[in-house]
Every structure is written in structure tokens, then in C-alpha cells.
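Undergrad: So that we are looking at the same thing, I have put the structure below in C-alpha cells.
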Amino acid sequence: MSLAFGKTRTAQLPPNVNRILLVKNLPFKITPDEMFDLFGKYGAIRQIRTGSTQKTRGSAFVVYEDIYDAKEACEHLQGFNVMGRQYKNMSHDDDELN
């Protein structure tokens, strides 16, 4: 669990915050180790699922163990440049999957 920047667990999170991040616009050649290094800076990761079809390539679901770590990663990595691509990450939203 990461409590960077003096944040405490007593803060109430908005209802749209989730421990699952949907990440888009990833480089196709990014390795699993690189993804764990990048996203793991913000907390323990339970799972990373990358897209494997033509339609889903360049996207991934990153599942954190802790909701606060997912929130911190989402805030700090939005628009981050990785391998020359600026990716988008967002909290998991059921409407986004449909």
C-alpha cells in the first residue's frame, strides 16, 4: 500500500474510483516486465491483462490490490509518454466495456 504525499485512508473516494484501470494507447511492443515496472511504482498489482486481438491491442486492464494505489496511478500516469506514445488511463467503467 502506498500512502505517498501524506494522504491517509480516511479520505472518502468518489464512487467512480475503482482498483481496476483501463489503459489505452499502449505501445504494441511493451513487455509485461515493463508494464509491471511502470504501474508497480504506485502499489502492489494483482494482475495485468493485455489485449490480444487486433481490436484490443494497445490496451490493458491493470488490477491493483488497493483502491488508493489505483487512484494514485490514475492521477499520475494520465497522458504519460511511454515509448513515444502518450497513453490514456482511466478507472474501470462498465459502460466503457460495452
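Each chain of the C-alpha cells is named A, B, ... in the order shown, its residues numbered from 1; ligands are numbered from 1 in display order.
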I want to know what sits within 12 Å of Phe36 (chain A), based on only C-alpha atoms, with residues of the same chain fewer than 2 positions away left out; could you give that as a PyMOL selection string?
TA: chain A and resi 30-34+38-50+60-64
Undergrad: Can I get the selection written as a compact mmCIF listing (two decimals), in the first residue's frame, with N, CA, C and O atoms?
TA:
```
# COMPACT_ATOMS: atom_id res chain seq x y z
N ILE A 30 5.41 -3.17 -25.83
CA ILE A 30 5.71 -3.09 -24.40
C ILE A 30 5.65 -4.49 -23.80
O ILE A 30 4.77 -5.29 -24.14
N THR A 31 6.62 -4.82 -22.96
CA THR A 31 6.69 -6.16 -22.36
C THR A 31 5.94 -6.17 -21.03
O THR A 31 5.73 -5.12 -20.41
N PRO A 32 5.57 -7.36 -20.57
CA PRO A 32 4.92 -7.45 -19.26
C PRO A 32 5.80 -6.89 -18.14
O PRO A 32 5.30 -6.22 -17.24
N ASP A 33 7.10 -7.15 -18.19
CA ASP A 33 8.00 -6.62 -17.16
C ASP A 33 8.00 -5.09 -17.16
O ASP A 33 8.00 -4.46 -16.10
N GLU A 34 7.98 -4.48 -18.32
CA GLU A 34 7.94 -3.02 -18.41
C GLU A 34 6.63 -2.47 -17.84
O GLU A 34 6.63 -1.44 -17.17
N LEU A 38 6.35 -0.01 -14.59
CA LEU A 38 5.70 1.29 -14.70
C LEU A 38 4.54 1.43 -13.72
O LEU A 38 4.49 2.38 -12.93
N PHE A 39 3.63 0.48 -13.72
CA PHE A 39 2.45 0.59 -12.88
C PHE A 39 2.73 0.18 -11.43
O PHE A 39 2.05 0.63 -10.52
N GLY A 40 3.73 -0.66 -11.22
CA GLY A 40 4.07 -1.12 -9.87
C GLY A 40 4.66 -0.04 -8.98
O GLY A 40 4.74 -0.21 -7.77
N LYS A 41 5.06 1.09 -9.56
CA LYS A 41 5.58 2.20 -8.75
C LYS A 41 4.53 2.74 -7.79
O LYS A 41 4.87 3.41 -6.82
N TYR A 42 3.28 2.48 -8.07
CA TYR A 42 2.20 3.07 -7.29
C TYR A 42 1.54 2.10 -6.33
O TYR A 42 0.64 2.48 -5.60
N GLY A 43 1.97 0.85 -6.34
CA GLY A 43 1.42 -0.12 -5.40
C GLY A 43 1.44 -1.52 -5.95
O GLY A 43 1.82 -1.76 -7.10
N ALA A 44 1.02 -2.46 -5.11
CA ALA A 44 1.00 -3.87 -5.48
C ALA A 44 -0.04 -4.13 -6.57
O ALA A 44 -1.18 -3.67 -6.47
N ILE A 45 0.38 -4.86 -7.58
CA ILE A 45 -0.50 -5.18 -8.70
C ILE A 45 -0.94 -6.63 -8.58
O ILE A 45 -0.11 -7.52 -8.39
N ARG A 46 -2.22 -6.85 -8.70
CA ARG A 46 -2.75 -8.21 -8.68
C ARG A 46 -2.63 -8.86 -10.05
O ARG A 46 -2.28 -10.02 -10.18
N GLN A 47 -2.92 -8.08 -11.11
CA GLN A 47 -2.96 -8.67 -12.44
C GLN A 47 -2.89 -7.58 -13.50
O GLN A 47 -3.42 -6.48 -13.29
N ILE A 48 -2.26 -7.90 -14.62
CA ILE A 48 -2.31 -7.05 -15.80
C ILE A 48 -2.77 -7.93 -16.96
O ILE A 48 -2.15 -8.95 -17.23
N ARG A 49 -3.85 -7.53 -17.61
CA ARG A 49 -4.38 -8.26 -18.77
C ARG A 49 -4.25 -7.37 -20.00
O ARG A 49 -4.84 -6.30 -20.04
N THR A 50 -3.49 -7.81 -20.97
CA THR A 50 -3.30 -7.01 -22.19
C THR A 50 -4.18 -7.54 -23.31
O THR A 50 -4.50 -8.73 -23.35
N ALA A 60 -4.98 -2.42 -22.00
CA ALA A 60 -4.78 -3.37 -20.91
C ALA A 60 -5.66 -3.00 -19.74
O ALA A 60 -6.06 -1.84 -19.58
N PHE A 61 -5.96 -4.00 -18.93
CA PHE A 61 -6.57 -3.79 -17.62
C PHE A 61 -5.47 -4.00 -16.59
O PHE A 61 -4.79 -5.02 -16.61
N VAL A 62 -5.30 -3.04 -15.72
CA VAL A 62 -4.32 -3.14 -14.63
C VAL A 62 -5.13 -3.19 -13.33
O VAL A 62 -5.88 -2.27 -13.02
N VAL A 63 -4.97 -4.30 -12.60
CA VAL A 63 -5.73 -4.51 -11.37
C VAL A 63 -4.80 -4.36 -10.18
O VAL A 63 -3.84 -5.13 -10.03
N TYR A 64 -5.06 -3.37 -9.36
CA TYR A 64 -4.28 -3.14 -8.15
C TYR A 64 -4.89 -3.88 -6.97
O TYR A 64 -6.09 -4.14 -6.95
```
Undergrad: Using only C-alpha atoms, which of the listed residues (A:Val23, A:Ser52, A:Glu65, A:Asn18) sits closest to Gln86 (chain A)?
TA: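 Smallest separation from Gln86 (chain A) among the options: A:Val23.
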Undergrad: Rounded to one decimal, what separation in Å do you get between CA of Leu21 (chain A) and CA of Gly58 (chain A)?
TA: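 Going from CA of Leu21 (chain A) over to CA of Gly58 (chain A) covers 13.8 Å.
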Undergrad: Go through region 16-45 of chain A and collect every residue that DSSP, computed from the backbone, puts in strand (DSSP E or B); the answer should be as a list in words.
TA: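 So, restricting region 16-45 of chain A to strand (DSSP E or B), we get Ile20, Leu21, Leu22, Val23, Lys24 and Ile45 of chain A.
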Undergrad: Go ahead and write the selection's residues with N, CA and C atoms as a PDB file, in the first residue's frame.
TA:
```pdb
ATOM      1  N   ILE A  20      -9.424  -1.139 -10.638  1.00  0.00           N
ATOM      2  CA  ILE A  20      -9.120  -1.616 -11.985  1.00  0.00           C
ATOM      3  C   ILE A  20      -8.984  -0.416 -12.909  1.00  0.00           C
ATOM      4  N   LEU A  21      -7.845  -0.322 -13.582  1.00  0.00           N
ATOM      5  CA  LEU A  21      -7.631   0.735 -14.563  1.00  0.00           C
ATOM      6  C   LEU A  21      -7.698   0.150 -15.961  1.00  0.00           C
ATOM      7  N   LEU A  22      -8.390   0.833 -16.835  1.00  0.00           N
ATOM      8  CA  LEU A  22      -8.383   0.513 -18.253  1.00  0.00           C
ATOM      9  C   LEU A  22      -7.382   1.463 -18.887  1.00  0.00           C
ATOM     10  N   VAL A  23      -6.342   0.917 -19.497  1.00  0.00           N
ATOM     11  CA  VAL A  23      -5.277   1.718 -20.090  1.00  0.00           C
ATOM     12  C   VAL A  23      -5.322   1.531 -21.596  1.00  0.00           C
ATOM     13  N   LYS A  24      -5.282   2.662 -22.324  1.00  0.00           N
ATOM     14  CA  LYS A  24      -5.355   2.607 -23.786  1.00  0.00           C
ATOM     15  C   LYS A  24      -4.146   3.298 -24.395  1.00  0.00           C
ATOM     16  N   ILE A  45       0.382  -4.856  -7.581  1.00  0.00           N
ATOM     17  CA  ILE A  45      -0.501  -5.183  -8.700  1.00  0.00           C
ATOM     18  C   ILE A  45      -0.939  -6.631  -8.579  1.00  0.00           C
TER      19      ILE A  45
END
```
Undergrad: Using only C-alpha atoms, which residue out of A:Asp37, A:Gln54, A:Asp66, A:Leu26 lies closest to Phe80 (chain A)?
TA: A:Leu26
Undergrad: Would you compute the distance between CA of Lys29 (chain A) and CA of Arg57 (chain A)? Give it in Å to one decimal.
TA: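 Computing it gives 10.0 Å between the two atoms.
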